[in-house]
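Step one of this worksheet: look at the structure below.
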Amino acid sequence: MSKKYSALASLLLAVIPAQAASKINVMTATQDLAAIAREVGGDLITVDSIAMGYQDPHFVEPKPSFLLKLQKADLLVVVGLQLEIGWLPPLITQSRNAKIQPAQSGYMDMSQFCNILEIPQGQVTRAMGDVHPLGNPHYWLNPDNGRRMAKALADKFSSIQPANAAQFVQRYAEFDKHLTEAEKGWEAKIAPYKGRKVVTYHRSWPNFCEHFGLNVVDYVEPKPGIPPTPAHSLDLINLMKREGVKLILVEPYFDLRTPNSIASNVGGEVVVLMPSVGGNKEITNYFQLFDYDINLLVNTFSKLK
Ligand SMILES: [Zn+2]
């Protein structure tokens with residue numbers, strides 16, 4: 001019996017990869033964070049995200065099914081700047097996973113590693129309804145921040161699993177190289193439209209627009225997180241007419257009626273741009289996110305003249 005058993009045991013050992021048991025179990029708040037973690041972690045990690053890329057990341061339903069995943073996580077990566085404040089904190093508490101509680105080593109706030117725009121001066125609270133009280137949380141839409149996020153994750157994975165540090169460093173270097181090449185292509189495509197003025201629904205795009213040279217003049221929302229009002233929409237129509245702005249960029253989870261009505265008043269166009277990996281089926285990684293958005297913008301600008 002023992003002979004048979006040991007033969008079976010060695011057979012099993014042979015088919016189970018040595019590192020399978022020790023993969024870093026990563027949970028992320030959003031699919032963008034998961035996409036970058038996957039670039040750097042490869043087969044050495046498992047990764048899953050809570051919010052889907054087609055959802056408004058400010059308002060996600062905290063499903064109990066997420067608890068199971070959080071219970072088993074070695075690392076939880078969040079966007080921070082209060083993006084997830086409405087849905088993630090109770091899940092973290094209820095998971096009772098000591099490793100991923102805020103301030104523990106398994107809790108990683110990615111905003112601490114990135115360049116953050118629109119940091120308010122003085123005291124700002126959510127009492128006024130503004131959902132960006134600590135600065136703009138949509139910072140992953142600047143590839144420079146994507147690079148910073150990847151570096152921070154490579155460092156974190158290396159500290160959790162020092163034996164694989166060389167592989168994380170190598171994967172980061174490959175990502176950095178691939179991103180630098182991709183950026184050249186994106187910048188060349190959008191270069192003819194540098195300085196174009198646009199209106200966006202939510203303040204999702206300052207990072208993207210600053211990086212690629214577009215000029216955001218106003219927003220359909222009077223304040224981040226506050227739905228459009230007739231008075232503000234009228235101001236917007238006047239501003240767009242005065243400044244010759246023809247394009248309104250809208251995230252996939254907002255109602256198109258107000259933007260469509262504003263656009264028809266100014267002879268302009270509404271474009272649904274994707275703010276996140278997973279926003280549609282075509283966008284499964286960080287590179288495809290920019291491919292999709294840049295191509296859509298360039299096509300639209302070329303038609304608008
Ligand atoms: Zn926002």
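To be explicit about the labels: the chains of the structure tokens are called A, B, and onward in the order shown, and within each one the residues are counted from 1, while ligands get numbers from 1 in the order they are shown.
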Please write out the residues within 8 Å of ligand 1 as a short mmCIF file (atom, residue, chain, number, x, y, z; two decimals) with C-alpha atoms, in the first residue's frame, counting only C-alpha atoms and all ligand atoms.
data_model
loop_
_atom_site.label_atom_id
_atom_site.label_comp_id
_atom_site.auth_asym_id
_atom_site.auth_seq_id
_atom_site.Cartn_x
_atom_site.Cartn_y
_atom_site.Cartn_z
CA PRO A 57 -16.32 53.33 -9.91
CA HIS A 58 -17.76 55.84 -7.44
CA LEU A 83 -13.07 56.77 -4.92
CA VAL A 131 -16.99 63.04 -4.91
CA HIS A 132 -13.37 64.18 -5.49
CA ASN A 136 -8.84 63.58 -8.95
CA PRO A 137 -9.02 59.80 -8.48
CA HIS A 138 -9.10 58.95 -12.21
CA HIS A 202 -17.70 63.73 -15.30
CA ARG A 203 -14.20 64.83 -14.34
CA SER A 204 -12.80 61.45 -15.43
CA PRO A 224 -18.25 65.70 -9.66
CA GLY A 225 -21.06 63.33 -8.68
#
> Any idea what's packed within 12 Å of A:Asn164, counting only C-alpha atoms, ignoring anything in its chain fewer than 5 positions away? Could you give it as a ChimeraX atom specification?
Replying inline: /A:19,22-24,40-45,154-159,169-171
Could you turn the residues from that selection into a file that holds C-alpha atoms, as a PDB file, in the first residue's frame?
ATOM      1  CA  GLN A  19       4.842  27.746  -7.405  1.00  0.00           C
ATOM      2  CA  SER A  22       2.536  30.136  -3.424  1.00  0.00           C
ATOM      3  CA  LYS A  23       0.926  32.442  -5.962  1.00  0.00           C
ATOM      4  CA  ILE A  24       0.202  35.870  -4.488  1.00  0.00           C
ATOM      5  CA  VAL A  40       3.768  42.798 -13.572  1.00  0.00           C
ATOM      6  CA  GLY A  41       2.686  39.642 -11.749  1.00  0.00           C
ATOM      7  CA  GLY A  42       2.105  37.290 -14.684  1.00  0.00           C
ATOM      8  CA  ASP A  43       1.732  33.674 -13.599  1.00  0.00           C
ATOM      9  CA  LEU A  44       3.160  34.420 -10.187  1.00  0.00           C
ATOM     10  CA  ILE A  45      -0.091  35.970  -8.991  1.00  0.00           C
ATOM     11  CA  ALA A 154       6.619  45.145  -8.765  1.00  0.00           C
ATOM     12  CA  ASP A 155       8.190  46.404  -5.524  1.00  0.00           C
ATOM     13  CA  LYS A 156       5.247  45.147  -3.467  1.00  0.00           C
ATOM     14  CA  PHE A 157       5.178  41.702  -5.074  1.00  0.00           C
ATOM     15  CA  SER A 158       8.952  41.454  -4.552  1.00  0.00           C
ATOM     16  CA  SER A 159       8.587  42.237  -0.859  1.00  0.00           C
ATOM     17  CA  VAL A 169      11.699  43.378 -11.936  1.00  0.00           C
ATOM     18  CA  GLN A 170      12.011  41.813 -15.387  1.00  0.00           C
ATOM     19  CA  ARG A 171       8.260  41.937 -16.036  1.00  0.00           C
TER      20      ARG A 171
END
> What lies within 9 Å of A:Leu70 using only C-alpha atoms, ignoring chain neighbours under 6 positions off, as a PyMOL selection string?
Replying inline: chain A and resi 26-27+76+91-92+95-97+100
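Here the question is which of A:Gly213, A:Pro222, A:Ile119, A:Asn285 gets nearest to A:Ala188 using only C-alpha atoms, and that residue is A:Gly213.
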Excluding A:Ile262 and any residue of its chain fewer than 6 positions from it, enumerate the residues within 9 Å of it, using only C-alpha atoms, and give them as a PDB file with all heavy atoms, in the first residue's frame.
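Saved result, out_19.pdb, follows:
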ATOM      1  N   VAL A 220     -20.435  68.358 -17.937  1.00  0.00           N
ATOM      2  CA  VAL A 220     -21.900  68.281 -17.927  1.00  0.00           C
ATOM      3  C   VAL A 220     -22.408  68.269 -16.489  1.00  0.00           C
ATOM      4  O   VAL A 220     -23.419  68.885 -16.164  1.00  0.00           O
ATOM      5  CB  VAL A 220     -22.386  67.042 -18.717  1.00  0.00           C
ATOM      6  CG1 VAL A 220     -23.899  66.907 -18.644  1.00  0.00           C
ATOM      7  CG2 VAL A 220     -21.917  67.118 -20.181  1.00  0.00           C
ATOM      8  N   SER A 233     -26.669  73.302 -17.783  1.00  0.00           N
ATOM      9  CA  SER A 233     -26.635  72.869 -19.183  1.00  0.00           C
ATOM     10  C   SER A 233     -26.750  74.069 -20.125  1.00  0.00           C
ATOM     11  O   SER A 233     -26.096  74.109 -21.183  1.00  0.00           O
ATOM     12  CB  SER A 233     -27.766  71.873 -19.458  1.00  0.00           C
ATOM     13  OG  SER A 233     -27.573  70.708 -18.698  1.00  0.00           O
ATOM     14  N   LEU A 234     -27.561  75.043 -19.737  1.00  0.00           N
ATOM     15  CA  LEU A 234     -27.707  76.253 -20.553  1.00  0.00           C
ATOM     16  C   LEU A 234     -26.392  77.045 -20.597  1.00  0.00           C
ATOM     17  O   LEU A 234     -25.957  77.501 -21.667  1.00  0.00           O
ATOM     18  CB  LEU A 234     -28.841  77.122 -19.979  1.00  0.00           C
ATOM     19  CG  LEU A 234     -29.333  78.253 -20.866  1.00  0.00           C
ATOM     20  CD1 LEU A 234     -29.881  77.699 -22.177  1.00  0.00           C
ATOM     21  CD2 LEU A 234     -30.433  79.059 -20.144  1.00  0.00           C
ATOM     22  N   LEU A 236     -23.527  75.791 -20.280  1.00  0.00           N
ATOM     23  CA  LEU A 236     -22.606  74.973 -21.063  1.00  0.00           C
ATOM     24  C   LEU A 236     -22.821  75.200 -22.566  1.00  0.00           C
ATOM     25  O   LEU A 236     -21.861  75.327 -23.339  1.00  0.00           O
ATOM     26  CB  LEU A 236     -22.861  73.502 -20.704  1.00  0.00           C
ATOM     27  CG  LEU A 236     -21.744  72.502 -20.871  1.00  0.00           C
ATOM     28  CD1 LEU A 236     -20.467  72.980 -20.212  1.00  0.00           C
ATOM     29  CD2 LEU A 236     -22.167  71.163 -20.254  1.00  0.00           C
ATOM     30  N   ILE A 237     -24.095  75.255 -22.976  1.00  0.00           N
ATOM     31  CA  ILE A 237     -24.416  75.503 -24.387  1.00  0.00           C
ATOM     32  C   ILE A 237     -23.829  76.852 -24.822  1.00  0.00           C
ATOM     33  O   ILE A 237     -23.184  76.952 -25.876  1.00  0.00           O
ATOM     34  CB  ILE A 237     -25.948  75.463 -24.608  1.00  0.00           C
ATOM     35  CG1 ILE A 237     -26.457  74.017 -24.463  1.00  0.00           C
ATOM     36  CG2 ILE A 237     -26.325  76.032 -25.972  1.00  0.00           C
ATOM     37  CD1 ILE A 237     -27.968  73.885 -24.356  1.00  0.00           C
ATOM     38  N   ILE A 248     -18.418  66.366 -26.841  1.00  0.00           N
ATOM     39  CA  ILE A 248     -18.717  66.021 -25.442  1.00  0.00           C
ATOM     40  C   ILE A 248     -18.331  64.555 -25.218  1.00  0.00           C
ATOM     41  O   ILE A 248     -18.819  63.665 -25.899  1.00  0.00           O
ATOM     42  CB  ILE A 248     -20.209  66.209 -25.108  1.00  0.00           C
ATOM     43  CG1 ILE A 248     -20.667  67.641 -25.428  1.00  0.00           C
ATOM     44  CG2 ILE A 248     -20.470  65.892 -23.631  1.00  0.00           C
ATOM     45  CD1 ILE A 248     -22.148  67.898 -25.157  1.00  0.00           C
ATOM     46  N   GLY A 268     -22.806  69.860 -32.265  1.00  0.00           N
ATOM     47  CA  GLY A 268     -21.638  69.060 -31.889  1.00  0.00           C
ATOM     48  C   GLY A 268     -21.937  67.576 -31.845  1.00  0.00           C
ATOM     49  O   GLY A 268     -22.939  67.113 -32.372  1.00  0.00           O
TER      50      GLY A 268
END
May I have all residues of stretch 50-138 of chain A that DSSP, computed from the backbone, assigns to helix (DSSP H, G or I), given as an mmCIF file with C-alpha atoms, in the first residue's frame?
data_model
loop_
_atom_site.group_PDB
_atom_site.id
_atom_site.type_symbol
_atom_site.label_atom_id
_atom_site.label_comp_id
_atom_site.auth_asym_id
_atom_site.auth_seq_id
_atom_site.Cartn_x
_atom_site.Cartn_y
_atom_site.Cartn_z
ATOM 1 C CA SER A 65 -19.867 37.463 -3.009
ATOM 2 C CA PHE A 66 -16.893 39.833 -2.890
ATOM 3 C CA LEU A 67 -16.378 38.944 0.778
ATOM 4 C CA LEU A 68 -15.256 35.426 -0.021
ATOM 5 C CA LYS A 69 -12.620 36.748 -2.400
ATOM 6 C CA LEU A 70 -11.428 39.370 0.072
ATOM 7 C CA GLN A 71 -11.159 36.760 2.833
ATOM 8 C CA LEU A 88 -15.344 49.170 -0.214
ATOM 9 C CA PRO A 89 -14.764 49.944 3.513
ATOM 10 C CA PRO A 90 -17.634 47.741 4.813
ATOM 11 C CA LEU A 91 -16.460 44.860 2.624
ATOM 12 C CA ILE A 92 -12.922 45.161 3.998
ATOM 13 C CA THR A 93 -14.177 45.182 7.585
ATOM 14 C CA GLN A 94 -16.574 42.290 7.070
ATOM 15 C CA SER A 95 -13.922 40.183 5.329
ATOM 16 C CA ALA A 98 -6.352 41.077 9.068
ATOM 17 C CA LYS A 99 -3.786 41.335 6.256
ATOM 18 C CA ILE A 100 -5.834 43.677 4.043
ATOM 19 C CA MET A 110 -2.119 53.241 -5.336
ATOM 20 C CA SER A 111 -2.758 57.003 -5.235
ATOM 21 C CA GLN A 112 0.282 57.344 -2.974
ATOM 22 C CA PHE A 113 2.545 56.419 -5.865
ATOM 23 C CA ARG A 126 -18.233 65.345 0.535
ATOM 24 C CA ALA A 127 -21.001 67.306 2.276
ATOM 25 C CA MET A 128 -21.262 69.496 -0.805
#
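For A:Ser49, the set of protein, DNA and RNA residues having any atom at most 7 Å away, when counting only C-alpha atoms and skipping those fewer than 3 positions along the same chain, is Met27, Thr28, Ala29, Thr30, Gln31 and Ala34 of chain A.
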May I have the residues from that selection written out with all heavy atoms, as an mmCIF file, in the first residue's frame?
data_model
loop_
_atom_site.group_PDB
_atom_site.id
_atom_site.type_symbol
_atom_site.label_atom_id
_atom_site.label_comp_id
_atom_site.auth_asym_id
_atom_site.auth_seq_id
_atom_site.Cartn_x
_atom_site.Cartn_y
_atom_site.Cartn_z
ATOM 1 N N MET A 27 -6.367 41.025 -4.812
ATOM 2 C CA MET A 27 -7.683 41.588 -5.133
ATOM 3 C C MET A 27 -7.480 43.069 -5.418
ATOM 4 O O MET A 27 -6.698 43.734 -4.743
ATOM 5 C CB MET A 27 -8.636 41.443 -3.947
ATOM 6 C CG MET A 27 -9.328 40.098 -3.853
ATOM 7 S SD MET A 27 -10.303 39.650 -5.311
ATOM 8 C CE MET A 27 -11.705 40.741 -5.143
ATOM 9 N N THR A 28 -8.201 43.564 -6.426
ATOM 10 C CA THR A 28 -8.099 44.999 -6.707
ATOM 11 C C THR A 28 -9.493 45.600 -6.686
ATOM 12 O O THR A 28 -10.483 44.904 -6.920
ATOM 13 C CB THR A 28 -7.462 45.258 -8.088
ATOM 14 O OG1 THR A 28 -8.321 44.732 -9.104
ATOM 15 C CG2 THR A 28 -6.090 44.634 -8.200
ATOM 16 N N ALA A 29 -9.550 46.904 -6.439
ATOM 17 C CA ALA A 29 -10.848 47.585 -6.427
ATOM 18 C C ALA A 29 -11.401 47.675 -7.844
ATOM 19 O O ALA A 29 -12.599 47.540 -8.053
ATOM 20 C CB ALA A 29 -10.699 48.972 -5.811
ATOM 21 N N THR A 30 -10.535 47.923 -8.836
ATOM 22 C CA THR A 30 -11.002 48.137 -10.212
ATOM 23 C C THR A 30 -10.234 47.256 -11.195
ATOM 24 O O THR A 30 -9.146 46.757 -10.894
ATOM 25 C CB THR A 30 -10.800 49.602 -10.648
ATOM 26 O OG1 THR A 30 -9.393 49.865 -10.722
ATOM 27 C CG2 THR A 30 -11.460 50.579 -9.680
ATOM 28 N N GLN A 31 -10.779 47.132 -12.390
ATOM 29 C CA GLN A 31 -10.129 46.304 -13.418
ATOM 30 C C GLN A 31 -8.852 46.941 -13.956
ATOM 31 O O GLN A 31 -7.987 46.242 -14.484
ATOM 32 C CB GLN A 31 -11.107 46.040 -14.565
ATOM 33 C CG GLN A 31 -12.165 45.002 -14.203
ATOM 34 C CD GLN A 31 -12.941 44.550 -15.432
ATOM 35 O OE1 GLN A 31 -13.951 45.149 -15.776
ATOM 36 N NE2 GLN A 31 -12.476 43.517 -16.095
ATOM 37 N N ALA A 34 -6.232 45.739 -11.714
ATOM 38 C CA ALA A 34 -6.012 44.308 -11.979
ATOM 39 C C ALA A 34 -5.183 44.127 -13.245
ATOM 40 O O ALA A 34 -4.290 43.273 -13.305
ATOM 41 C CB ALA A 34 -7.345 43.579 -12.101
#
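Between A:Leu117 and the residues A:Trp140, A:Phe287, A:Phe301, A:Trp186, the shortest atom-to-atom distance, using only C-alpha atoms, involves A:Trp140.
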>> Just list as a PyMOL selection string whatever in stretch 212-274 of chain A DSSP marks as strand (DSSP E).
In response: chain A and resi 215-219+247-250+269-272
>> Could you list, as a VMD selection string, every residue within 7 Å of stretch 174-185 of chain A, counting only C-alpha atoms and ignoring same-chain residues fewer than 4 positions away?
In response: chain A and resid 39 147 170 189
> When you draw a straight line from atom CA of A:Asp218 to atom CA of A:Val245, how long is it in Å?
Replying inline: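 Separation of atom CA of A:Asp218 and atom CA of A:Val245: 10.1 Å.
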>> What does the structure give for the distance between atom CA of A:Thr46 and atom CA of A:Ala73, in Å to one decimal?
In response: 9.5 Å
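In terms of minimum interatomic distance to A:Asp56, A:Pro252 ranks closest within A:Pro252, A:Gly106, A:Ala231, A:Pro143, counting only C-alpha atoms.
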